[in-house]
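Report on one structure; see the data block that follows.
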Amino acid sequence: MKRFFSPAQLAHAPRHELHNGGFTDYAEKPERAQAILDAIGGADAPPDCGDAPILAVHSPDYCAFLQQAPAAWAAAGRPGDALPYAFPIVGRRPLRLDRVDALLGRHSFDATTPITAQTWASAYGSAQSALAATHAVLGGERAAFALCRPPGHHAGADYCGGYCHLNIAAIAAQAARDAGHARVAILDIDYHHGNGTQDIFWQRGDVFYASVHADPATDYPFYWGHTDETGEGAGEGATLNLPLPHGTTLDAFRTAQSRALDAIARWGASFLVLSFGADTWEGDPISHFALRTPDYTVIGRDIAALGLPTAIVMEGGYAIDALGANVASLLAGF
């Protein structure tokens with residue numbers, strides 16, 4: 001299986017995040033990527049497809065914001081990484097504001113996702129890795145793997161959050177659509193719901209989004225991922241959420257994933273993007289499922305049995321010592 005990763009993805013390294021009422025070390029560390037690279041035997045650098053595939057998903061204002069926010073933060077005399085602290089409530093006026101504090105709140109939904117001077121380059125490299133895997137599959141490969149770091153599924157068209165700045169699964173899915181696949185499916189099996197991916201395709205009927213994740217009644221991102229969220233307008237019925245409780249083990253996870261795979265097959269997808277997060281592992285420091293390393297081989301085999309050309313993009317997973325083995329297990333199963 002071809003594998004892709006840009007060295008630029010290692011540059012994004014915030015110091016802290018705001019978590020559970022206090023500042024703590026940033027969990028989405030560059031070491032995550034290195035652990036995966038070591039376990040899978042390296043990866044090829046992706047070619048540069050430019051920013052057009054990114055702008056097919058994300059707004060120009062948002063992309064400019066990601067590039068300009070660190071300098072604006074420093075110019076305002078602020079030390080450290082740019083981090084929001086004030087957020088507009090739903091229903092507030094869509095004001096045009098220039099102060100960096102207001103822009104951070106406008107383009108973020110949490111305070112766990114700092115923006116550094118290197119964030120854009122790393123997120124851009126992550127998107128290029130996803131595009132390389134997608135184009136490899138479009139070119140005839142059965143599957144390809146993009147080691148995407150930073151991850152992407154919490155990022156919306158014009159906002160960041162959950163360690164995510166550019167939505168790499170959405171960028172991959174849109175690239176497959178633009179290449180001629182009329183129906184593309186995204187299967188998200190990260191521990192947390194991919195709210196950004198859901199938002200991007202919420203009103204579209206050409207991309208099916210299915211997610212197996214922790215119940216948002218108890219887990220981040222809380223406001224998305226409930227079972228009654230099924231899409232809207234042209235997208236009605238093209239979203240499937242399958243939340244699971246704390247302590248979920250392989251059997252229950254496979255049952256939910258089987259429902260998602262069956263729905264994707266019935267929907268008639270011709271291309272699959274797999275958003276894979278290894279934070280479903282039993283020892284993950286910020287999650288509460290109980291999958292074991294060998295379980296990922298079974299999960300990967302189940303997904304491969306769907307028979308679709310598949311671009312696999314990396315999402316979460318924060319137990320760095322086990323992360324490489326868990327990713328290698330899924331790829332072996334696939």
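Within each chain, counting starts at residue 1; across the structure tokens, chains are named A, B, ... in the order shown, with ligands numbered 1 upward in that order.
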
From a backbone DSSP assignment, name each residue in stretch 24-168 of chain A labelled alpha helix (DSSP H), as a VMD selection string.
chain A and resid 30 to 40 52 to 55 60 to 75 100 to 106 119 to 138 168

Neighbour list for A:Phe289 as an NGL selection string, cut-off 9 Å, only C-alpha atoms, skip fewer than 2 positions in-chain
:A and (191 or 214 or 244-249 or 279-284 or 287 or 291)

Mind dumping a table of every stretch 194-266 of chain A residue within 10 Å of stretch 300-305 of chain A, with the nearest atom pair and its distance in Å to one decimal, using only C-alpha atoms, sorted by chain and rising number, as a Markdown table?
| residue | atom | partner | partner_atom | distance |
| --- | --- | --- | --- | --- |
| A:Arg254 | CA | A:Asp302 | CA | 8.2 |
| A:Gln257 | CA | A:Ile303 | CA | 8.5 |
| A:Ser258 | CA | A:Asp302 | CA | 7.9 |
| A:Ala260 | CA | A:Ile303 | CA | 9.9 |
| A:Leu261 | CA | A:Ile303 | CA | 7.3 |

Neighbouring residues of A:Ala175 were defined as those with any atom within 8 Å, considering only C-alpha atoms; residues of the same chain fewer than 4 positions away were excluded. Please report them as a ChimeraX atom specification.
/A:53,131,134,171,179

Tell me, as a list in words, which residues lie within 12 Å of A:Ala64, counting only C-alpha atoms; anything in the same chain fewer than 6 positions away does not count.
Asp51, Ile54, Leu55, His58, Pro70, Ala71, Ala72, Leu103, His107, Trp120, Asp158 and Tyr159 of chain A

Write the residues of the preceding selection, restricted to N, CA, C and O atoms, as a tab-separated table (two decimals), in the first residue's frame.
chain	number	residue	atom	x	y	z
A	51	ASP	N	-3.30	24.98	-3.78
A	51	ASP	CA	-4.36	25.25	-2.81
A	51	ASP	C	-5.77	25.14	-3.39
A	51	ASP	O	-6.75	25.22	-2.66
A	54	ILE	N	-7.93	22.61	-1.69
A	54	ILE	CA	-8.27	23.07	-0.33
A	54	ILE	C	-9.39	24.09	-0.40
A	54	ILE	O	-10.36	24.03	0.38
A	55	LEU	N	-9.29	25.01	-1.35
A	55	LEU	CA	-10.30	26.05	-1.50
A	55	LEU	C	-11.61	25.50	-2.05
A	55	LEU	O	-12.64	26.18	-1.99
A	58	HIS	N	-12.68	24.73	1.79
A	58	HIS	CA	-12.57	25.78	2.81
A	58	HIS	C	-12.69	27.16	2.18
A	58	HIS	O	-12.26	27.38	1.05
A	70	PRO	N	-1.05	34.13	13.18
A	70	PRO	CA	0.11	34.20	14.08
A	70	PRO	C	0.81	35.56	14.05
A	70	PRO	O	1.18	36.10	15.10
A	71	ALA	N	0.97	36.14	12.86
A	71	ALA	CA	1.61	37.45	12.77
A	71	ALA	C	0.74	38.53	13.40
A	71	ALA	O	1.25	39.44	14.07
A	72	ALA	N	-0.57	38.45	13.19
A	72	ALA	CA	-1.47	39.42	13.80
A	72	ALA	C	-1.45	39.30	15.32
A	72	ALA	O	-1.52	40.31	16.04
A	103	LEU	N	-11.30	37.53	15.31
A	103	LEU	CA	-11.16	36.59	14.21
A	103	LEU	C	-10.90	35.18	14.72
A	103	LEU	O	-11.40	34.19	14.16
A	107	HIS	N	-13.39	32.03	13.87
A	107	HIS	CA	-12.93	30.89	13.07
A	107	HIS	C	-12.51	29.69	13.92
A	107	HIS	O	-11.76	28.84	13.45
A	120	TRP	N	-0.02	26.65	9.26
A	120	TRP	CA	-0.51	26.58	7.88
A	120	TRP	C	0.34	25.61	7.06
A	120	TRP	O	-0.21	24.78	6.32
A	158	ASP	N	-15.05	26.88	7.57
A	158	ASP	CA	-14.47	28.16	7.98
A	158	ASP	C	-14.13	28.20	9.46
A	158	ASP	O	-14.10	29.27	10.06
A	159	TYR	N	-13.84	27.05	10.04
A	159	TYR	CA	-13.45	27.05	11.46
A	159	TYR	C	-12.53	25.88	11.78
A	159	TYR	O	-12.54	24.85	11.11

DSSP-assigned strand (DSSP E or B) members of stretch 202-249 of chain A, reported as a compact mmCIF listing (two decimals) with N, CA and C atoms, in the first residue's frame:
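Wrote states24.txt, looks like this:
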# COMPACT_ATOMS: atom_id res chain seq x y z
N VAL A 207 -22.15 13.18 -1.14
CA VAL A 207 -21.15 12.61 -0.24
C VAL A 207 -21.87 12.08 1.00
N PHE A 208 -21.75 10.79 1.24
CA PHE A 208 -22.38 10.14 2.39
C PHE A 208 -21.39 10.14 3.55
N TYR A 209 -21.83 10.59 4.72
CA TYR A 209 -20.96 10.61 5.90
C TYR A 209 -21.52 9.67 6.96
N ALA A 210 -20.74 8.65 7.31
CA ALA A 210 -21.11 7.71 8.38
C ALA A 210 -20.04 7.74 9.45
N SER A 211 -20.46 7.85 10.71
CA SER A 211 -19.51 7.97 11.81
C SER A 211 -19.86 7.03 12.95
N VAL A 212 -18.86 6.27 13.40
CA VAL A 212 -18.94 5.45 14.61
C VAL A 212 -18.07 6.15 15.65
N HIS A 213 -18.65 6.57 16.77
CA HIS A 213 -17.93 7.44 17.68
C HIS A 213 -18.52 7.37 19.09
N ALA A 214 -17.84 8.01 20.02
CA ALA A 214 -18.34 8.09 21.39
C ALA A 214 -19.59 8.95 21.45
N THR A 239 -26.34 11.43 6.07
CA THR A 239 -25.52 11.41 7.29
C THR A 239 -26.05 10.32 8.21
N LEU A 240 -25.13 9.50 8.72
CA LEU A 240 -25.49 8.42 9.65
C LEU A 240 -24.56 8.47 10.84
N ASN A 241 -25.12 8.72 12.03
CA ASN A 241 -24.34 8.76 13.26
C ASN A 241 -24.66 7.56 14.13
N LEU A 242 -23.60 6.88 14.59
CA LEU A 242 -23.73 5.66 15.38
C LEU A 242 -22.91 5.81 16.67
N PRO A 243 -23.44 6.55 17.66
CA PRO A 243 -22.71 6.76 18.91
C PRO A 243 -22.69 5.51 19.79
N LEU A 244 -21.60 5.35 20.53
CA LEU A 244 -21.40 4.18 21.39
C LEU A 244 -20.96 4.63 22.78

Which residues, written as a list in words, have at least one atom at most 9 Å from A:Gly194, with only C-alpha atoms counted and residues fewer than 4 positions away on the same chain left out?
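Skipping anything fewer than 4 positions along the chain leaves Gly152, His153, His154, Ala155, Asp188, Asp190, Gln198, Asp199, Ser211, His213, Pro221, Trp224, Gly225 and Ser275 of chain A.
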
Selection: 10 Å around A:Phe201, only C-alpha atoms, excl. self and same-chain fewer than 4 positions, as a short mmCIF file (atom, residue, chain, number, x, y, z; two decimals) with all heavy atoms, in the first residue's frame:
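What landed in selection_2.cif:
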data_model
loop_
_atom_site.label_atom_id
_atom_site.label_comp_id
_atom_site.auth_asym_id
_atom_site.auth_seq_id
_atom_site.Cartn_x
_atom_site.Cartn_y
_atom_site.Cartn_z
N VAL A 57 -13.06 23.22 -0.57
CA VAL A 57 -13.73 22.82 0.67
C VAL A 57 -13.78 23.97 1.67
O VAL A 57 -14.80 24.19 2.33
CB VAL A 57 -13.00 21.61 1.30
CG1 VAL A 57 -13.48 21.35 2.72
CG2 VAL A 57 -13.18 20.37 0.43
N GLY A 156 -14.29 22.69 10.14
CA GLY A 156 -15.37 22.98 9.19
C GLY A 156 -14.86 23.81 8.03
O GLY A 156 -13.66 24.08 7.91
N ALA A 157 -15.76 24.24 7.19
CA ALA A 157 -15.36 25.01 6.02
C ALA A 157 -14.68 26.32 6.41
O ALA A 157 -13.80 26.80 5.69
CB ALA A 157 -16.59 25.31 5.16
N ALA A 170 -12.53 15.68 4.03
CA ALA A 170 -13.41 16.40 3.12
C ALA A 170 -12.67 16.80 1.86
O ALA A 170 -13.22 16.74 0.75
CB ALA A 170 -13.97 17.64 3.82
N GLN A 174 -13.82 15.53 -1.77
CA GLN A 174 -14.13 16.49 -2.84
C GLN A 174 -13.25 16.24 -4.06
O GLN A 174 -13.72 16.36 -5.21
CB GLN A 174 -13.95 17.92 -2.35
CG GLN A 174 -14.39 18.98 -3.35
CD GLN A 174 -15.86 18.87 -3.68
OE1 GLN A 174 -16.70 18.81 -2.78
NE2 GLN A 174 -16.19 18.86 -4.96
N GLY A 196 -16.83 18.62 11.83
CA GLY A 196 -16.50 19.45 10.68
C GLY A 196 -16.86 18.76 9.37
O GLY A 196 -17.42 19.40 8.46
N THR A 197 -16.56 17.47 9.28
CA THR A 197 -16.91 16.73 8.07
C THR A 197 -18.42 16.71 7.88
O THR A 197 -18.93 16.91 6.78
CB THR A 197 -16.36 15.29 8.15
OG1 THR A 197 -14.99 15.31 8.55
CG2 THR A 197 -16.48 14.60 6.82
N GLY A 205 -26.06 15.89 -1.21
CA GLY A 205 -26.50 14.51 -1.41
C GLY A 205 -25.52 13.66 -2.18
O GLY A 205 -25.83 12.51 -2.51
N ASP A 206 -24.32 14.21 -2.45
CA ASP A 206 -23.34 13.47 -3.25
C ASP A 206 -22.22 12.85 -2.42
O ASP A 206 -21.40 12.08 -2.95
CB ASP A 206 -22.74 14.37 -4.33
CG ASP A 206 -22.09 15.63 -3.75
OD1 ASP A 206 -22.39 16.00 -2.60
OD2 ASP A 206 -21.28 16.25 -4.48
N VAL A 207 -22.15 13.18 -1.14
CA VAL A 207 -21.15 12.61 -0.24
C VAL A 207 -21.87 12.08 1.00
O VAL A 207 -22.55 12.85 1.70
CB VAL A 207 -20.08 13.65 0.17
CG1 VAL A 207 -19.10 13.04 1.16
CG2 VAL A 207 -19.33 14.16 -1.07
N PHE A 208 -21.75 10.79 1.24
CA PHE A 208 -22.38 10.14 2.39
C PHE A 208 -21.39 10.14 3.55
O PHE A 208 -20.23 9.72 3.39
CB PHE A 208 -22.77 8.71 2.03
CG PHE A 208 -23.60 8.01 3.06
CD1 PHE A 208 -24.99 8.05 3.01
CD2 PHE A 208 -23.01 7.29 4.10
CE1 PHE A 208 -25.76 7.40 3.96
CE2 PHE A 208 -23.76 6.64 5.04
CZ PHE A 208 -25.15 6.69 4.98
N TYR A 209 -21.83 10.59 4.72
CA TYR A 209 -20.96 10.61 5.90
C TYR A 209 -21.52 9.67 6.96
O TYR A 209 -22.65 9.85 7.43
CB TYR A 209 -20.87 12.03 6.48
CG TYR A 209 -20.04 12.09 7.74
CD1 TYR A 209 -18.67 11.84 7.70
CD2 TYR A 209 -20.62 12.39 8.97
CE1 TYR A 209 -17.91 11.87 8.85
CE2 TYR A 209 -19.86 12.44 10.12
CZ TYR A 209 -18.51 12.17 10.06
OH TYR A 209 -17.75 12.20 11.20
N GLY A 231 -28.78 14.93 8.10
CA GLY A 231 -28.61 15.78 6.94
C GLY A 231 -29.81 16.67 6.72
O GLY A 231 -30.84 16.54 7.39
N GLU A 232 -29.66 17.57 5.76
CA GLU A 232 -30.71 18.57 5.54
C GLU A 232 -30.78 18.90 4.06
O GLU A 232 -29.78 18.90 3.34
CB GLU A 232 -30.36 19.81 6.36
CG GLU A 232 -31.38 20.92 6.33
CD GLU A 232 -30.95 22.06 7.24
OE1 GLU A 232 -31.04 21.90 8.47
OE2 GLU A 232 -30.50 23.10 6.72
N ALA A 234 -30.84 18.72 0.30
CA ALA A 234 -30.34 17.69 -0.61
C ALA A 234 -29.56 16.62 0.14
O ALA A 234 -29.40 15.49 -0.34
CB ALA A 234 -29.47 18.32 -1.69
N GLY A 235 -29.06 16.95 1.34
CA GLY A 235 -28.28 16.00 2.13
C GLY A 235 -29.10 15.15 3.09
O GLY A 235 -28.52 14.34 3.84
N ALA A 238 -28.16 11.50 4.06
CA ALA A 238 -26.77 11.22 3.68
C ALA A 238 -25.80 11.35 4.85
O ALA A 238 -24.59 11.38 4.66
CB ALA A 238 -26.35 12.14 2.54
N THR A 239 -26.34 11.43 6.07
CA THR A 239 -25.52 11.41 7.29
C THR A 239 -26.05 10.32 8.21
O THR A 239 -27.26 10.20 8.42
CB THR A 239 -25.60 12.77 8.01
OG1 THR A 239 -24.97 13.78 7.21
CG2 THR A 239 -24.89 12.72 9.37
#

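Remark: for A:Ala319, the closest of the candidate residues A:Thr293, A:Gln9, A:Thr116, A:Asn195 is A:Thr293 (distances computed over only C-alpha atoms).
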